[in-house]
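Enquirer: Provided herewith: model34.cif, mmCIF, C-alpha atoms.
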```cif
data_target
#
loop_
_atom_site.group_PDB
_atom_site.id
_atom_site.type_symbol
_atom_site.label_atom_id
_atom_site.label_comp_id
_atom_site.auth_asym_id
_atom_site.auth_seq_id
_atom_site.Cartn_x
_atom_site.Cartn_y
_atom_site.Cartn_z
ATOM 1 C CA CYS A 1 80.096 111.527 35.096
ATOM 2 C CA HIS A 2 78.446 111.567 31.700
ATOM 3 C CA SER A 3 77.680 115.285 31.483
ATOM 4 C CA ILE A 4 78.256 118.733 32.810
ATOM 5 C CA ARG A 5 75.256 120.938 33.467
ATOM 6 C CA VAL A 6 75.470 124.557 32.433
ATOM 7 C CA ASN A 7 73.150 127.470 32.953
ATOM 8 C CA ALA A 8 71.829 129.438 29.971
ATOM 9 C CA HIS A 9 69.937 131.942 32.129
ATOM 10 C CA SER A 10 70.034 134.728 29.604
ATOM 11 C CA ARG A 11 68.540 138.206 29.357
ATOM 12 C CA GLY A 12 68.300 140.484 26.399
ATOM 13 C CA ALA A 13 66.887 140.296 22.918
ATOM 14 C CA ARG A 14 65.546 136.795 22.336
ATOM 15 C CA GLU A 15 67.185 136.256 18.938
ATOM 16 C CA GLU A 16 70.536 137.735 19.915
ATOM 17 C CA GLN A 17 70.699 135.677 23.103
ATOM 18 C CA ALA A 18 69.773 132.492 21.216
ATOM 19 C CA ARG A 19 72.625 133.151 18.797
ATOM 20 C CA LEU A 20 75.140 133.921 21.567
ATOM 21 C CA VAL A 21 74.112 131.018 23.804
ATOM 22 C CA ALA A 22 74.163 128.562 20.888
ATOM 23 C CA ASP A 23 77.653 129.727 19.918
ATOM 24 C CA GLY A 24 78.945 129.374 23.485
ATOM 25 C CA LEU A 25 77.273 125.984 23.953
ATOM 26 C CA ARG A 26 78.673 124.689 20.672
ATOM 27 C CA ARG A 27 82.206 125.676 21.697
ATOM 28 C CA LEU A 28 81.825 124.228 25.194
ATOM 29 C CA THR A 29 80.238 121.049 23.839
ATOM 30 C CA GLU A 30 83.114 120.507 21.417
ATOM 31 C CA HIS A 31 85.520 120.852 24.345
ATOM 32 C CA CYS A 32 83.426 118.431 26.455
ATOM 33 C CA ALA A 33 83.241 115.932 23.599
ATOM 34 C CA GLY A 34 87.018 115.684 23.661
ATOM 35 C CA ALA A 35 86.729 114.442 27.247
ATOM 36 C CA GLY A 36 83.848 112.083 26.436
ATOM 37 C CA LEU A 37 81.302 114.300 28.188
ATOM 38 C CA SER A 38 78.026 115.834 27.150
ATOM 39 C CA CYS A 39 77.008 119.403 27.896
ATOM 40 C CA ILE A 40 73.417 119.723 29.159
ATOM 41 C CA VAL A 41 71.274 122.766 29.855
ATOM 42 C CA GLU A 42 68.504 122.923 32.440
ATOM 43 C CA ASN A 43 65.526 125.226 32.098
ATOM 44 C CA HIS A 44 66.704 127.432 34.934
ATOM 45 C CA GLY A 45 65.597 131.033 34.730
ATOM 46 C CA GLY A 46 65.513 133.824 32.203
ATOM 47 C CA LEU A 47 65.135 132.758 28.603
ATOM 48 C CA SER A 48 66.168 129.198 29.452
ATOM 49 C CA SER A 49 62.830 128.727 31.269
ATOM 50 C CA ASP A 50 61.059 129.194 27.942
ATOM 51 C CA ALA A 51 61.190 125.693 26.455
ATOM 52 C CA ALA A 52 60.545 126.963 22.926
ATOM 53 C CA TRP A 53 63.592 129.237 23.168
ATOM 54 C CA LEU A 54 65.781 126.514 24.679
ATOM 55 C CA THR A 55 64.847 123.922 22.060
ATOM 56 C CA ASP A 56 65.597 126.493 19.350
ATOM 57 C CA VAL A 57 69.051 126.889 20.918
ATOM 58 C CA MET A 58 69.516 123.088 20.902
ATOM 59 C CA ARG A 59 68.675 122.956 17.201
ATOM 60 C CA ARG A 60 71.195 125.726 16.510
ATOM 61 C CA VAL A 61 73.939 123.931 18.452
ATOM 62 C CA ASP A 62 73.149 120.706 16.572
ATOM 63 C CA HIS A 63 75.667 118.505 18.356
ATOM 64 C CA LEU A 64 75.001 114.976 19.635
ATOM 65 C CA ARG A 65 76.769 115.809 22.911
ATOM 66 C CA CYS A 66 74.657 118.888 23.643
ATOM 67 C CA GLY A 67 71.284 118.333 25.245
ATOM 68 C CA THR A 68 68.734 119.371 27.794
ATOM 69 C CA LEU A 69 68.038 118.604 31.435
ATOM 70 C CA PRO A 70 64.263 119.119 31.640
ATOM 71 C CA ASP A 71 63.259 120.239 35.146
ATOM 72 C CA PHE A 72 59.591 119.650 36.049
ATOM 73 C CA GLY A 73 59.477 123.162 37.537
ATOM 74 C CA ASN A 74 61.326 126.259 36.305
ATOM 75 C CA PHE A 75 59.063 127.154 33.379
ATOM 76 C CA GLY A 76 58.130 130.637 32.284
ATOM 77 C CA LYS A 77 58.064 132.841 29.225
ATOM 78 C CA ALA A 78 60.605 135.509 28.488
ATOM 79 C CA GLY A 79 59.108 138.819 29.529
ATOM 80 C CA GLY A 80 56.794 137.174 32.057
ATOM 81 C CA GLY A 81 53.930 134.756 31.988
ATOM 82 C CA SER A 82 53.797 131.029 32.346
ATOM 83 C CA PHE A 83 54.795 128.167 30.105
ATOM 84 C CA ASP A 84 52.867 124.930 30.473
ATOM 85 C CA ARG A 85 55.232 122.565 32.281
ATOM 86 C CA TYR A 86 53.984 119.430 30.498
ATOM 87 C CA GLU A 87 54.374 121.058 27.086
ATOM 88 C CA GLY A 88 57.781 122.398 28.137
ATOM 89 C CA VAL A 89 59.065 118.968 29.114
ATOM 90 C CA ARG A 90 57.571 117.490 25.930
ATOM 91 C CA LEU A 91 59.455 120.048 23.822
ATOM 92 C CA MET A 92 62.733 119.423 25.652
ATOM 93 C CA MET A 93 62.617 115.610 25.689
ATOM 94 C CA PRO A 94 64.016 115.016 22.170
ATOM 95 C CA PHE A 95 67.249 116.614 23.434
ATOM 96 C CA ALA A 96 67.171 115.208 27.004
ATOM 97 C CA LYS A 97 70.252 113.527 28.410
ATOM 98 C CA ALA A 98 68.910 113.595 31.989
ATOM 99 C CA VAL A 99 65.679 114.656 33.717
ATOM 100 C CA SER A 100 65.092 116.508 36.998
ATOM 101 C CA ALA A 101 61.954 115.470 38.878
ATOM 102 C CA LYS A 102 61.262 118.521 41.020
ATOM 103 C CA SER A 103 58.597 118.462 43.716
ATOM 104 C CA TYR A 104 57.072 121.056 46.024
ATOM 105 C CA ASP A 105 54.561 119.350 48.314
ATOM 106 C CA PHE A 106 52.767 116.051 48.895
ATOM 107 C CA ASN A 107 49.332 115.014 50.078
ATOM 108 C CA GLU A 108 48.583 112.201 52.529
ATOM 109 C CA ARG A 109 48.582 109.645 49.661
ATOM 110 C CA GLY A 110 52.146 110.588 48.701
ATOM 111 C CA GLU A 111 51.121 112.391 45.520
ATOM 112 C CA GLU A 112 52.748 115.656 44.500
ATOM 113 C CA THR A 113 50.188 118.463 44.824
ATOM 114 C CA THR A 114 51.611 120.905 42.241
ATOM 115 C CA ILE A 115 52.632 118.561 39.417
ATOM 116 C CA ASP A 116 50.663 115.619 38.038
ATOM 117 C CA TYR A 117 53.531 113.144 38.241
ATOM 118 C CA ALA A 118 51.710 110.344 36.414
ATOM 119 C CA ARG A 119 51.113 112.695 33.495
ATOM 120 C CA MET A 120 54.670 114.073 33.623
ATOM 121 C CA LEU A 121 56.245 110.630 33.758
ATOM 122 C CA GLY A 122 54.061 109.715 30.766
ATOM 123 C CA VAL A 123 55.515 112.686 28.847
ATOM 124 C CA VAL A 124 59.047 111.564 29.702
ATOM 125 C CA LEU A 125 58.489 107.901 28.824
ATOM 126 C CA ASP A 126 56.423 108.609 25.713
ATOM 127 C CA ALA A 127 59.470 110.457 24.373
ATOM 128 C CA GLY A 128 61.395 107.185 24.615
ATOM 129 C CA TYR A 129 63.577 108.367 27.489
ATOM 130 C CA ARG A 130 65.019 105.575 29.622
ATOM 131 C CA GLY A 131 67.914 107.382 31.327
ATOM 132 C CA TRP A 132 68.522 108.869 34.746
ATOM 133 C CA ILE A 133 65.914 110.904 36.596
ATOM 134 C CA GLY A 134 67.355 113.122 39.296
ATOM 135 C CA VAL A 135 65.246 114.032 42.309
ATOM 136 C CA GLU A 136 64.836 117.526 43.706
ATOM 137 C CA TYR A 137 62.576 118.923 46.451
ATOM 138 C CA GLU A 138 61.896 122.668 46.689
ATOM 139 C CA GLY A 139 59.051 122.626 49.169
ATOM 140 C CA ASN A 140 59.064 124.093 52.643
ATOM 141 C CA ARG A 141 56.588 121.902 54.504
ATOM 142 C CA MET A 142 59.010 119.049 55.181
ATOM 143 C CA PRO A 143 62.784 118.791 55.543
ATOM 144 C CA GLU A 144 64.642 118.565 52.227
ATOM 145 C CA ALA A 145 65.833 114.972 52.744
ATOM 146 C CA GLU A 146 62.269 113.860 53.511
ATOM 147 C CA GLY A 147 60.991 115.663 50.398
ATOM 148 C CA VAL A 148 63.636 114.003 48.250
ATOM 149 C CA ARG A 149 62.632 110.577 49.612
ATOM 150 C CA ALA A 150 58.937 111.341 49.009
ATOM 151 C CA THR A 151 59.735 112.293 45.396
ATOM 152 C CA ARG A 152 61.821 109.161 44.882
ATOM 153 C CA ASP A 153 59.094 106.984 46.411
ATOM 154 C CA LEU A 154 56.455 108.535 44.155
ATOM 155 C CA LEU A 155 58.558 107.853 41.065
ATOM 156 C CA LEU A 156 59.177 104.252 42.156
ATOM 157 C CA ARG A 157 55.459 103.715 42.821
ATOM 158 C CA LEU A 158 54.499 105.149 39.423
ATOM 159 C CA ARG A 159 57.115 102.981 37.714
ATOM 160 C CA ALA A 160 55.738 99.875 39.429
ATOM 161 C CA GLU A 161 52.144 100.818 38.524
ATOM 162 C CA ARG A 162 53.089 101.432 34.927
ATOM 163 C CA ALA A 163 55.056 98.182 34.694
ATOM 164 C CA SER A 164 52.149 96.139 36.057
ATOM 165 C CA ALA A 165 49.496 97.789 33.880
ATOM 166 C CA PRO A 166 48.151 95.622 31.056
ATOM 167 C CA ALA A 167 49.718 96.437 27.703
ATOM 168 C CA THR A 168 47.563 98.368 25.292
ATOM 169 C CA PRO A 169 48.098 98.626 21.548
ATOM 170 C CA GLY A 170 50.371 101.553 20.743
ATOM 171 C CA ALA A 171 51.449 102.075 24.361
ATOM 172 C CA THR A 172 55.032 102.879 25.217
ATOM 173 C CA ALA A 173 57.350 100.322 26.729
ATOM 174 C CA THR A 174 57.567 100.064 30.474
ATOM 175 C CA PRO A 175 60.305 101.921 32.303
ATOM 176 C CA GLY A 176 63.578 100.092 32.213
ATOM 177 C CA ALA A 177 62.915 98.643 28.776
ATOM 178 C CA ALA A 178 65.689 98.984 26.275
ATOM 179 C CA GLY A 179 65.410 102.053 24.141
ATOM 180 C CA THR A 180 67.426 104.219 21.870
ATOM 181 C CA PRO A 181 69.753 106.406 23.895
ATOM 182 C CA PRO A 182 68.545 109.988 23.994
ATOM 183 C CA ARG A 183 70.134 112.413 21.590
#
```
Please render this file's structure as structure tokens.

Expert:
Amino acid sequence: CHSIRVNAHSRGAREEQARLVADGLRRLTEHCAGAGLSCIVENHGGLSSDAAWLTDVMRRVDHLRCGTLPDFGNFGKAGGGSFDRYEGVRLMMPFAKAVSAKSYDFNERGEETTIDYARMLGVVLDAGYRGWIGVEYEGNRMPEAEGVRATRDLLLRLRAERASAPATPGATATPGAAGTPPR
């Protein structure tokens, strides 16, 4: 494997938790680096679901082997409220070492009904990311394996559509194009 995924689901004072989590992540990342691994954090509850907080933690850790695992779901603000998922993924992408494409439900055309996948994939690709995208289904209308396949199929369809679209000035490269490895 290239990474271990850790959970920074933290409660308490925002600043204190950022300091403590960054310290722990730095230590763990240095240990992982010795084994040739990266240490990645998913937005996964508590303060970690606040992308602004998590990216602040990444800046504090400041290690090439520490990064994020942006999940298309799992966004919120500490203390309650919502955090725009597209903005959250955009903020996390400069640190991304993997991406989790979460889905909840699909319409008859195979499009996710909660998340605009074309827009989200644009956010991911516009950041220059060309690495792995994991697939996750959290819906309850279809069996999990079927939901995972539907998510995978949607991503493959969007990749094919994007690859066959005419190039426009200033547009990002098509998926699969060589790019700089994510930080």

Enquirer: Could I get the residues of stretch 60-143 of chain A with an atom no further than 7 Å from an atom of stretch 22-33 of chain A, each paired with its nearest atom pair and that distance in Å to one decimal, using only C-alpha atoms, sorted by chain and residue number, as a Markdown table?

Expert:
```
| residue | atom | partner | partner_atom | distance |
| --- | --- | --- | --- | --- |
| A:Arg60 | CA | A:Ala22 | CA | 6.0 |
| A:Val61 | CA | A:Ala22 | CA | 5.2 |
| A:Arg65 | CA | A:Thr29 | CA | 6.4 |
| A:Cys66 | CA | A:Thr29 | CA | 6.0 |
```

Enquirer: List as a count of residues only the protein and nucleic acid residues near A:Ser103, meaning an atom at most 12 Å away when only C-alpha atoms are counted, but skip any in the same chain fewer than 6 places from it.

Expert: 33

Enquirer: Which polymer residues have any atom within 9 Å of an atom of A:Ala52, counting all atoms listed in the file, with same-chain residues fewer than 4 positions away left out, as a list in words?

Expert: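 Counting only the stated atoms, we get Ser48, Asp56, Val57, Lys77, Gly88, Leu91 and Met92 of chain A.
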
Enquirer: Would you kindly return, as a VMD selection string, each protein, DNA or RNA residue with an atom no farther than 10 Å from any atom of A:Gly122, considering all atoms listed in the file and excluding same-chain residues fewer than 4 positions away?

Expert: chain A and resid 86 90 116 to 118 126 to 128 158 162 172

Enquirer: Which residue out of A:Gly46, A:Gly34, A:Pro143, A:Pro70 has the minimum interatomic distance to A:Arg5 when all atoms listed in the file are used?

Expert: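 Checking each candidate against A:Arg5, we get A:Pro70 as the closest.
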
Enquirer: Would you fill the gaps in stretch 58-76 of chain A so it has N, CA, C and O atoms, then print it as a PDB file, in the frame of the given file?

Expert:
```pdb
ATOM      1  N   MET A  58      68.997 124.448  21.124  1.00  0.00           N
ATOM      2  CA  MET A  58      69.516 123.088  20.902  1.00  0.00           C
ATOM      3  C   MET A  58      69.625 122.787  19.412  1.00  0.00           C
ATOM      4  O   MET A  58      70.605 122.193  18.954  1.00  0.00           O
ATOM      5  N   ARG A  59      68.624 123.186  18.638  1.00  0.00           N
ATOM      6  CA  ARG A  59      68.675 122.956  17.201  1.00  0.00           C
ATOM      7  C   ARG A  59      69.839 123.717  16.562  1.00  0.00           C
ATOM      8  O   ARG A  59      70.489 123.234  15.643  1.00  0.00           O
ATOM      9  N   ARG A  60      70.085 124.926  17.040  1.00  0.00           N
ATOM     10  CA  ARG A  60      71.195 125.726  16.510  1.00  0.00           C
ATOM     11  C   ARG A  60      72.546 125.088  16.845  1.00  0.00           C
ATOM     12  O   ARG A  60      73.457 125.099  16.024  1.00  0.00           O
ATOM     13  N   VAL A  61      72.683 124.566  18.052  1.00  0.00           N
ATOM     14  CA  VAL A  61      73.939 123.931  18.452  1.00  0.00           C
ATOM     15  C   VAL A  61      74.161 122.680  17.603  1.00  0.00           C
ATOM     16  O   VAL A  61      75.258 122.426  17.126  1.00  0.00           O
ATOM     17  N   ASP A  62      73.123 121.876  17.451  1.00  0.00           N
ATOM     18  CA  ASP A  62      73.149 120.706  16.572  1.00  0.00           C
ATOM     19  C   ASP A  62      74.381 119.833  16.787  1.00  0.00           C
ATOM     20  O   ASP A  62      75.163 119.590  15.877  1.00  0.00           O
ATOM     21  N   HIS A  63      74.532 119.369  18.016  1.00  0.00           N
ATOM     22  CA  HIS A  63      75.667 118.505  18.356  1.00  0.00           C
ATOM     23  C   HIS A  63      75.134 117.362  19.214  1.00  0.00           C
ATOM     24  O   HIS A  63      74.376 117.604  20.160  1.00  0.00           O
ATOM     25  N   LEU A  64      75.508 116.132  18.897  1.00  0.00           N
ATOM     26  CA  LEU A  64      75.001 114.976  19.635  1.00  0.00           C
ATOM     27  C   LEU A  64      75.346 115.015  21.114  1.00  0.00           C
ATOM     28  O   LEU A  64      74.670 114.394  21.924  1.00  0.00           O
ATOM     29  N   ARG A  65      76.378 115.735  21.504  1.00  0.00           N
ATOM     30  CA  ARG A  65      76.769 115.809  22.911  1.00  0.00           C
ATOM     31  C   ARG A  65      76.199 117.027  23.625  1.00  0.00           C
ATOM     32  O   ARG A  65      76.545 117.277  24.773  1.00  0.00           O
ATOM     33  N   CYS A  66      75.321 117.761  22.979  1.00  0.00           N
ATOM     34  CA  CYS A  66      74.657 118.888  23.643  1.00  0.00           C
ATOM     35  C   CYS A  66      73.186 118.536  23.808  1.00  0.00           C
ATOM     36  O   CYS A  66      72.531 118.100  22.856  1.00  0.00           O
ATOM     37  N   GLY A  67      72.669 118.701  25.005  1.00  0.00           N
ATOM     38  CA  GLY A  67      71.284 118.333  25.245  1.00  0.00           C
ATOM     39  C   GLY A  67      70.664 119.123  26.372  1.00  0.00           C
ATOM     40  O   GLY A  67      71.246 120.084  26.888  1.00  0.00           O
ATOM     41  N   THR A  68      69.487 118.685  26.748  1.00  0.00           N
ATOM     42  CA  THR A  68      68.734 119.371  27.794  1.00  0.00           C
ATOM     43  C   THR A  68      68.663 118.522  29.055  1.00  0.00           C
ATOM     44  O   THR A  68      68.878 117.311  29.029  1.00  0.00           O
ATOM     45  N   LEU A  69      68.340 119.207  30.138  1.00  0.00           N
ATOM     46  CA  LEU A  69      68.038 118.604  31.435  1.00  0.00           C
ATOM     47  C   LEU A  69      66.680 119.167  31.849  1.00  0.00           C
ATOM     48  O   LEU A  69      66.594 120.140  32.578  1.00  0.00           O
ATOM     49  N   PRO A  70      65.583 118.589  31.302  1.00  0.00           N
ATOM     50  CA  PRO A  70      64.263 119.119  31.640  1.00  0.00           C
ATOM     51  C   PRO A  70      63.989 119.025  33.143  1.00  0.00           C
ATOM     52  O   PRO A  70      64.123 117.965  33.745  1.00  0.00           O
ATOM     53  N   ASP A  71      63.632 120.136  33.734  1.00  0.00           N
ATOM     54  CA  ASP A  71      63.259 120.239  35.146  1.00  0.00           C
ATOM     55  C   ASP A  71      61.743 120.406  35.180  1.00  0.00           C
ATOM     56  O   ASP A  71      61.213 121.261  34.470  1.00  0.00           O
ATOM     57  N   PHE A  72      61.058 119.611  35.998  1.00  0.00           N
ATOM     58  CA  PHE A  72      59.591 119.650  36.049  1.00  0.00           C
ATOM     59  C   PHE A  72      59.052 121.002  36.512  1.00  0.00           C
ATOM     60  O   PHE A  72      57.887 121.316  36.317  1.00  0.00           O
ATOM     61  N   GLY A  73      59.866 121.810  37.130  1.00  0.00           N
ATOM     62  CA  GLY A  73      59.477 123.162  37.537  1.00  0.00           C
ATOM     63  C   GLY A  73      60.114 124.145  36.576  1.00  0.00           C
ATOM     64  O   GLY A  73      60.283 123.867  35.398  1.00  0.00           O
ATOM     65  N   ASN A  74      60.489 125.301  37.046  1.00  0.00           N
ATOM     66  CA  ASN A  74      61.326 126.259  36.305  1.00  0.00           C
ATOM     67  C   ASN A  74      60.833 126.635  34.916  1.00  0.00           C
ATOM     68  O   ASN A  74      61.645 126.828  34.018  1.00  0.00           O
ATOM     69  N   PHE A  75      59.541 126.742  34.694  1.00  0.00           N
ATOM     70  CA  PHE A  75      59.063 127.154  33.379  1.00  0.00           C
ATOM     71  C   PHE A  75      58.443 128.534  33.448  1.00  0.00           C
ATOM     72  O   PHE A  75      57.746 128.884  34.401  1.00  0.00           O
ATOM     73  N   GLY A  76      58.700 129.310  32.437  1.00  0.00           N
ATOM     74  CA  GLY A  76      58.130 130.637  32.284  1.00  0.00           C
ATOM     75  C   GLY A  76      58.401 131.108  30.879  1.00  0.00           C
ATOM     76  O   GLY A  76      59.105 130.463  30.112  1.00  0.00           O
TER      77      GLY A  76
END
```
